[in-house]
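K.L.:
Quick one: the structure is below, and I'll ask about it shortly.
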Amino acid sequence: MDRTQLIETAQAIVADGKGILAADESTPTIGKRFASIGTESSEDKRAEYRGLLFTTEGMEEFISGVIMFDETLRQSTLNEGVPFSKLLTEKGVLPGIKVDSGAKPLAGHEGEKVTEGLDGLRERLEEYYELGARFAKWRAVITIGDGIPSRACLEVNAHALARYAALCQEAGLVPIVEPEVLMDGNHSLDTCFGETEETLSIVFHELFKQGVMLEGMILKPNMVISALDCPEQASVEEVAEATVECFLRVVPSAVPGICFLSGGQSELAATQHLNAMNAMNDALPWKLSFSYGRALQAAALNAWGGKSENIPEAQKAFYHRAQCNGAAALGQYSNEMENQV
Ligand code: 13P
């Protein structure tokens, strides 16, 4: 394990005012996103779309790294044939790769899932490093519901996250450790707080047991937030306060950065929440930034609409969203920025 390189990569991911673009939708998931704009999902269309995001001029001012799906890491720009990992590296953006193979039903535990993908992972990581990736992602999903999450679900997912993280560090890749407590359901902010606290404390216990170097990883969690169908929606300030309070309890200060997922929040809410956390606190032990998928791409995807002639408009929308989130990572975002597209 090259400790220095891992630490440098992790710190670069959370450089001031920068965060991650999560563009690692699996083929079925990007198919759903394309269906929402009436576009068929072919290999070339996927390359066109990812290419428009990656070639957006100036996106590197706010984006430190991009998480890709296996297919994307092997693709190139359609016009010039420049491999995406080369293109990003030359812009100073770190290529990342999703390495889990998805969340599958957990045997004996109805409604719960365990993320798979450990078999053969060491060999796959070696190849991804050769292809230019410098960090990786593994997402575990935790569902809140009647009597769940179970301790079993939390423990198997934490165990897998730690095994993945240890393998990544061995291969020279910074692990993005993503335990996502889902926003689905009608639970309150307080319930989300408790489940997130328990999930993270089990995850960090496993990371410790398995010898993962905390200085060379990034945490990618959910925010502490009201569920989508909760009748009482917490305010921006309440979400920001609860999230920071929860994380101060369970995330060791050796972790260089926390890059939140957006998890179904609107673009605006995801930016406002991140900004409020940074604006309220000037002495946190870790950087707080973003690793958004939908909340960075929704406007760009809609502006593109599957049509090549709309690429400049889509790039404008993506640049603007990245700029707003870059400002939020510094606590310097304001609602007026929304009018500056
Ligand atoms: P969202 O921000 O759309 O939740 O996606 C982030 C991600 O990478 C989920 O694994």
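Residue numbering restarts at 1 for every chain of the structure tokens, chains are lettered A, B, ... in their displayed order, and ligands are numbered from 1 as they appear.
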Which residues are near segment 318-330 of chain A? Cut-off 10 Å, only C-alpha atoms, ignore same chain within fewer than 3 positions. Put them as a ChimeraX atom specification.
P.N.:
/A:14-21,52-54,56-63,259,267-268,270-279,282,287-292,295-301,303,312-315,333-335,337-341
K.L.:
Pick out the residues no farther than 6 Å from ligand 1, counting only C-alpha atoms and all ligand atoms, and list them as a PyMOL selection string.
P.N.:
chain A and resi 22+139+261-264+292-295
K.L.:
Determine the nearest neighbour of Val174 of chain A from the options A:Asp119, A:Glu155, A:Asp2, A:Glu48, counting only C-alpha atoms.
P.N.:
A:Asp2
K.L.:
In terms of the shortest atom-to-atom distance over only C-alpha atoms, which of A:Val82, A:Val255, A:Val156, A:Val203 is closest to Ile218 of chain A?
P.N.:
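Closest residue, counting only C-alpha atoms: A:Val255.
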K.L.:
Tell me, which residues of segment 63-97 of chain A carry DSSP strand (DSSP E or B), written as a ChimeraX atom specification?
P.N.:
/A:63-68,76,83,94-97
K.L.:
What parts of segment 67-217 of chain A does DSSP call alpha helix (DSSP H)? I'd like the answer as a PDB file with C-alpha atoms, in the first residue's frame.
P.N.:
```pdb
ATOM      1  CA  ASP A  70     -17.075  -0.126 -16.222  1.00  0.00           C
ATOM      2  CA  GLU A  71     -18.315   0.552 -19.762  1.00  0.00           C
ATOM      3  CA  THR A  72     -17.588   4.300 -19.485  1.00  0.00           C
ATOM      4  CA  LEU A  73     -14.024   3.863 -18.221  1.00  0.00           C
ATOM      5  CA  PHE A  84     -12.341   9.312 -21.113  1.00  0.00           C
ATOM      6  CA  SER A  85      -9.782   8.486 -18.442  1.00  0.00           C
ATOM      7  CA  LYS A  86      -7.071  10.282 -20.436  1.00  0.00           C
ATOM      8  CA  LEU A  87      -9.319  13.270 -21.101  1.00  0.00           C
ATOM      9  CA  LEU A  88     -10.162  13.634 -17.410  1.00  0.00           C
ATOM     10  CA  THR A  89      -6.605  13.084 -16.204  1.00  0.00           C
ATOM     11  CA  GLU A  90      -5.338  15.771 -18.580  1.00  0.00           C
ATOM     12  CA  LEU A 121     -12.244  -7.825  -6.961  1.00  0.00           C
ATOM     13  CA  ARG A 122      -8.463  -7.804  -6.421  1.00  0.00           C
ATOM     14  CA  GLU A 123      -7.871  -8.632 -10.106  1.00  0.00           C
ATOM     15  CA  ARG A 124     -10.486  -6.141 -11.325  1.00  0.00           C
ATOM     16  CA  LEU A 125      -8.913  -3.360  -9.234  1.00  0.00           C
ATOM     17  CA  GLU A 126      -5.516  -4.053 -10.772  1.00  0.00           C
ATOM     18  CA  GLU A 127      -7.002  -3.660 -14.241  1.00  0.00           C
ATOM     19  CA  TYR A 128      -8.889  -0.487 -13.298  1.00  0.00           C
ATOM     20  CA  TYR A 129      -5.662   1.051 -12.000  1.00  0.00           C
ATOM     21  CA  GLU A 130      -4.015   0.248 -15.333  1.00  0.00           C
ATOM     22  CA  ARG A 151     -28.435  -5.729  12.805  1.00  0.00           C
ATOM     23  CA  ALA A 152     -27.625  -8.530  10.351  1.00  0.00           C
ATOM     24  CA  CYS A 153     -28.129  -6.246   7.363  1.00  0.00           C
ATOM     25  CA  LEU A 154     -25.961  -3.502   8.869  1.00  0.00           C
ATOM     26  CA  GLU A 155     -23.192  -5.928   9.748  1.00  0.00           C
ATOM     27  CA  VAL A 156     -22.957  -7.802   6.431  1.00  0.00           C
ATOM     28  CA  ASN A 157     -22.929  -4.556   4.482  1.00  0.00           C
ATOM     29  CA  ALA A 158     -20.314  -2.975   6.761  1.00  0.00           C
ATOM     30  CA  HIS A 159     -18.170  -6.102   6.490  1.00  0.00           C
ATOM     31  CA  ALA A 160     -18.311  -6.018   2.688  1.00  0.00           C
ATOM     32  CA  LEU A 161     -17.564  -2.269   2.596  1.00  0.00           C
ATOM     33  CA  ALA A 162     -14.469  -2.806   4.737  1.00  0.00           C
ATOM     34  CA  ARG A 163     -13.233  -5.767   2.657  1.00  0.00           C
ATOM     35  CA  TYR A 164     -13.687  -3.681  -0.491  1.00  0.00           C
ATOM     36  CA  ALA A 165     -11.923  -0.683   1.069  1.00  0.00           C
ATOM     37  CA  ALA A 166      -8.927  -2.761   2.178  1.00  0.00           C
ATOM     38  CA  LEU A 167      -8.570  -4.263  -1.312  1.00  0.00           C
ATOM     39  CA  CYS A 168      -8.765  -0.794  -2.899  1.00  0.00           C
ATOM     40  CA  GLN A 169      -6.000   0.570  -0.718  1.00  0.00           C
ATOM     41  CA  GLU A 170      -3.822  -2.447  -1.494  1.00  0.00           C
ATOM     42  CA  ALA A 171      -4.289  -1.647  -5.216  1.00  0.00           C
ATOM     43  CA  LEU A 189     -35.533  13.141  10.563  1.00  0.00           C
ATOM     44  CA  ASP A 190     -34.998  11.704  14.070  1.00  0.00           C
ATOM     45  CA  THR A 191     -35.384   8.149  12.800  1.00  0.00           C
ATOM     46  CA  CYS A 192     -32.941   8.854   9.994  1.00  0.00           C
ATOM     47  CA  PHE A 193     -30.528  10.279  12.582  1.00  0.00           C
ATOM     48  CA  GLY A 194     -30.614   7.124  14.707  1.00  0.00           C
ATOM     49  CA  GLU A 195     -30.266   4.704  11.816  1.00  0.00           C
ATOM     50  CA  THR A 196     -27.499   6.722  10.177  1.00  0.00           C
ATOM     51  CA  GLU A 197     -25.615   6.938  13.468  1.00  0.00           C
ATOM     52  CA  GLU A 198     -25.848   3.178  14.014  1.00  0.00           C
ATOM     53  CA  THR A 199     -24.941   2.376  10.398  1.00  0.00           C
ATOM     54  CA  LEU A 200     -21.857   4.587  10.436  1.00  0.00           C
ATOM     55  CA  SER A 201     -20.660   3.397  13.812  1.00  0.00           C
ATOM     56  CA  ILE A 202     -20.801  -0.230  12.597  1.00  0.00           C
ATOM     57  CA  VAL A 203     -19.086   0.714   9.322  1.00  0.00           C
ATOM     58  CA  PHE A 204     -16.197   2.454  11.118  1.00  0.00           C
ATOM     59  CA  HIS A 205     -15.853  -0.447  13.540  1.00  0.00           C
ATOM     60  CA  GLU A 206     -15.412  -2.813  10.566  1.00  0.00           C
ATOM     61  CA  LEU A 207     -13.004  -0.458   8.811  1.00  0.00           C
ATOM     62  CA  PHE A 208     -10.925  -0.421  12.000  1.00  0.00           C
ATOM     63  CA  LYS A 209     -11.047  -4.220  12.395  1.00  0.00           C
TER      64      LYS A 209
END
```
K.L.:
Need to verify the contact set: Trp138 of chain A, 9 Å, only C-alpha atoms, exclusion of same-chain residues closer than 6 positions in sequence. Can you return it as a list in words?
P.N.:
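Skipping anything fewer than 6 positions along the chain leaves Lys98, Val99, Asp100, Ser101, Gly102, Thr115, Gly117, Leu161, Tyr164, Ala165, Pro175, Ile176, Val177, Glu178 and Pro179 of chain A.
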K.L.:
Store the residues picked out above in a file with all heavy atoms, as a tab-separated table (two decimals), in the first residue's frame.
P.N.:
```tsv
chain	number	residue	atom	x	y	z
A	98	LYS	N	-16.93	2.61	-10.29
A	98	LYS	CA	-17.84	1.86	-9.40
A	98	LYS	C	-17.45	0.39	-9.51
A	98	LYS	O	-17.39	-0.16	-10.62
A	98	LYS	CB	-19.27	2.05	-9.90
A	98	LYS	CG	-20.31	1.13	-9.30
A	98	LYS	CD	-21.58	1.23	-10.15
A	98	LYS	CE	-22.61	0.17	-9.81
A	98	LYS	NZ	-23.38	0.53	-8.63
A	99	VAL	N	-17.20	-0.25	-8.40
A	99	VAL	CA	-16.72	-1.64	-8.48
A	99	VAL	C	-17.67	-2.67	-7.85
A	99	VAL	O	-17.41	-3.86	-7.96
A	99	VAL	CB	-15.30	-1.80	-7.88
A	99	VAL	CG1	-14.32	-0.90	-8.61
A	99	VAL	CG2	-15.27	-1.52	-6.38
A	100	ASP	N	-18.73	-2.22	-7.18
A	100	ASP	CA	-19.65	-3.24	-6.66
A	100	ASP	C	-20.52	-3.73	-7.80
A	100	ASP	O	-20.62	-3.11	-8.86
A	100	ASP	CB	-20.50	-2.67	-5.51
A	100	ASP	CG	-21.45	-1.58	-5.98
A	100	ASP	OD1	-22.44	-1.89	-6.68
A	100	ASP	OD2	-21.21	-0.40	-5.64
A	101	SER	N	-21.14	-4.90	-7.60
A	101	SER	CA	-22.00	-5.42	-8.68
A	101	SER	C	-23.47	-5.32	-8.30
A	101	SER	O	-24.31	-6.04	-8.83
A	101	SER	CB	-21.58	-6.84	-9.07
A	101	SER	OG	-21.56	-7.66	-7.95
A	102	GLY	N	-23.77	-4.44	-7.37
A	102	GLY	CA	-25.17	-4.14	-7.08
A	102	GLY	C	-25.67	-4.74	-5.78
A	102	GLY	O	-25.08	-5.66	-5.21
A	115	THR	N	-24.86	-5.76	-0.65
A	115	THR	CA	-24.15	-5.44	-1.89
A	115	THR	C	-23.10	-6.50	-2.18
A	115	THR	O	-22.35	-6.91	-1.30
A	115	THR	CB	-23.51	-4.05	-1.79
A	115	THR	OG1	-24.57	-3.11	-1.57
A	115	THR	CG2	-22.77	-3.68	-3.07
A	117	GLY	N	-20.03	-8.27	-4.99
A	117	GLY	CA	-18.96	-7.86	-5.91
A	117	GLY	C	-17.55	-8.12	-5.40
A	117	GLY	O	-16.58	-7.65	-6.00
A	161	LEU	N	-18.17	-3.59	2.88
A	161	LEU	CA	-17.56	-2.27	2.60
A	161	LEU	C	-16.10	-2.24	3.05
A	161	LEU	O	-15.23	-1.71	2.37
A	161	LEU	CB	-18.34	-1.16	3.32
A	161	LEU	CG	-19.57	-0.60	2.61
A	161	LEU	CD1	-20.40	0.26	3.57
A	161	LEU	CD2	-19.18	0.24	1.38
A	164	TYR	N	-13.90	-4.43	0.76
A	164	TYR	CA	-13.69	-3.68	-0.49
A	164	TYR	C	-12.66	-2.56	-0.28
A	164	TYR	O	-11.73	-2.38	-1.07
A	164	TYR	CB	-15.04	-3.12	-0.96
A	164	TYR	CG	-15.01	-1.71	-1.48
A	164	TYR	CD1	-14.62	-1.43	-2.79
A	164	TYR	CD2	-15.37	-0.63	-0.66
A	164	TYR	CE1	-14.59	-0.12	-3.26
A	164	TYR	CE2	-15.34	0.67	-1.11
A	164	TYR	CZ	-14.95	0.93	-2.41
A	164	TYR	OH	-14.91	2.22	-2.87
A	165	ALA	N	-12.80	-1.84	0.83
A	165	ALA	CA	-11.92	-0.68	1.07
A	165	ALA	C	-10.47	-1.15	1.25
A	165	ALA	O	-9.54	-0.52	0.74
A	165	ALA	CB	-12.40	0.09	2.30
A	175	PRO	N	-10.69	4.26	-1.59
A	175	PRO	CA	-12.07	3.77	-1.55
A	175	PRO	C	-13.05	4.86	-1.13
A	175	PRO	O	-12.83	5.56	-0.15
A	175	PRO	CB	-12.01	2.67	-0.49
A	175	PRO	CG	-10.86	3.03	0.39
A	175	PRO	CD	-9.89	3.83	-0.43
A	176	ILE	N	-14.09	5.01	-1.90
A	176	ILE	CA	-15.23	5.83	-1.48
A	176	ILE	C	-16.17	4.84	-0.80
A	176	ILE	O	-16.68	3.91	-1.45
A	176	ILE	CB	-15.96	6.46	-2.70
A	176	ILE	CG1	-14.98	7.22	-3.60
A	176	ILE	CG2	-17.11	7.34	-2.25
A	176	ILE	CD1	-14.49	8.51	-3.08
A	177	VAL	N	-16.36	5.01	0.48
A	177	VAL	CA	-17.17	4.08	1.27
A	177	VAL	C	-18.57	4.66	1.37
A	177	VAL	O	-18.77	5.71	1.97
A	177	VAL	CB	-16.52	3.88	2.66
A	177	VAL	CG1	-17.41	3.06	3.57
A	177	VAL	CG2	-15.14	3.23	2.51
A	178	GLU	N	-19.53	3.99	0.72
A	178	GLU	CA	-20.87	4.56	0.60
A	178	GLU	C	-21.94	3.69	1.26
A	178	GLU	O	-22.47	2.77	0.63
A	178	GLU	CB	-21.24	4.77	-0.88
A	178	GLU	CG	-22.63	5.38	-1.06
A	178	GLU	CD	-23.02	5.66	-2.51
A	178	GLU	OE1	-22.24	5.35	-3.42
A	178	GLU	OE2	-24.11	6.20	-2.72
A	179	PRO	N	-22.26	3.96	2.51
A	179	PRO	CA	-23.41	3.29	3.12
A	179	PRO	C	-24.60	4.25	3.04
A	179	PRO	O	-24.64	5.24	3.73
A	179	PRO	CB	-22.96	3.09	4.57
A	179	PRO	CG	-21.89	4.14	4.80
A	179	PRO	CD	-21.54	4.78	3.49
```
K.L.:
Point out the residue among A:Trp286, A:Phe260, A:Phe69, A:Trp304 with the least atom-to-atom distance to Ser36 of chain A, counting only C-alpha atoms.
P.N.:
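The answer is A:Trp304, which sits nearest to Ser36 of chain A.
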K.L.:
What is the atom CA of Leu182 of chain A-atom CA of Asn302 of chain A distance in Å, reported with one decimal?
P.N.:
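Separating atom CA of Leu182 of chain A from atom CA of Asn302 of chain A is a distance of 24.6 Å.
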K.L.:
For Val114 of chain A, list every protein, DNA or RNA residue within 6 Å, evaluated using only C-alpha atoms, and leave out those in the same chain fewer than 5 positions away; present the list as a list in words.
P.N.:
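Contacts, with the query itself left out: Ala103, Lys104, Leu106 and Asn157 of chain A.
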K.L.:
Can you pull out every residue within 12 Å of Glu232 of chain A, counting only C-alpha atoms, but drop anything in the same chain fewer than 6 positions away, and send it as a compact mmCIF listing (two decimals) with N, CA, C and O atoms, in the first residue's frame?
P.N.:
```
# COMPACT_ATOMS: atom_id res chain seq x y z
N ASN A 186 -41.64 7.00 5.04
CA ASN A 186 -42.26 8.18 5.67
C ASN A 186 -41.65 8.47 7.04
O ASN A 186 -42.25 9.17 7.85
N HIS A 187 -40.46 7.94 7.27
CA HIS A 187 -39.84 8.13 8.59
C HIS A 187 -39.39 9.59 8.80
O HIS A 187 -39.19 10.34 7.84
N SER A 188 -39.19 9.91 10.07
CA SER A 188 -38.84 11.30 10.42
C SER A 188 -37.33 11.52 10.35
O SER A 188 -36.55 10.57 10.24
N LEU A 189 -36.95 12.78 10.48
CA LEU A 189 -35.53 13.14 10.56
C LEU A 189 -34.87 12.44 11.76
O LEU A 189 -33.75 11.93 11.65
N ASP A 190 -35.58 12.35 12.88
CA ASP A 190 -35.00 11.70 14.07
C ASP A 190 -34.70 10.23 13.82
O ASP A 190 -33.68 9.71 14.26
N ILE A 225 -32.01 13.39 7.12
CA ILE A 225 -33.06 14.12 6.41
C ILE A 225 -34.41 13.43 6.61
O ILE A 225 -34.45 12.24 6.90
N SER A 226 -35.51 14.16 6.45
CA SER A 226 -36.84 13.53 6.53
C SER A 226 -37.05 12.66 5.29
O SER A 226 -36.62 13.03 4.19
N GLU A 238 -32.39 22.56 9.85
CA GLU A 238 -32.51 21.35 10.69
C GLU A 238 -31.73 20.18 10.09
O GLU A 238 -31.06 19.44 10.81
```
K.L.:
Counting only C-alpha atoms, figure out which residue out of A:Ala47, A:Val66, A:Ala107, A:Val251 gets nearest to Leu78 of chain A.
P.N.:
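Distance minimum relative to Leu78 of chain A lands on A:Ala47.
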K.L.:
Set the distance at 10 Å and use only C-alpha atoms: which residues neighbour Gly38 of chain A once local chain neighbours fewer than 4 positions away are removed? I'd like the list as a PyMOL selection string.
P.N.:
chain A and resi 32-34+305-306
K.L.:
Return the single residue from A:Pro105, A:Pro221, A:Gly120, A:Gly172 that is closest to Ile258 of chain A, with distances computed using only C-alpha atoms.
P.N.:
A:Pro221
K.L.:
I'd like the interatomic distance between atom CA of Lys220 of chain A and atom CA of Pro285 of chain A, to a tenth of an Å.
P.N.:
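A separation of 15.7 Å between them.
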K.L.:
Counting only C-alpha atoms, figure out which residue out of A:Ala317, A:Met223, A:Ile37, A:Leu131 gets nearest to Pro83 of chain A.
P.N.:
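Using only C-alpha atoms, Pro83 of chain A sits closest to A:Leu131.
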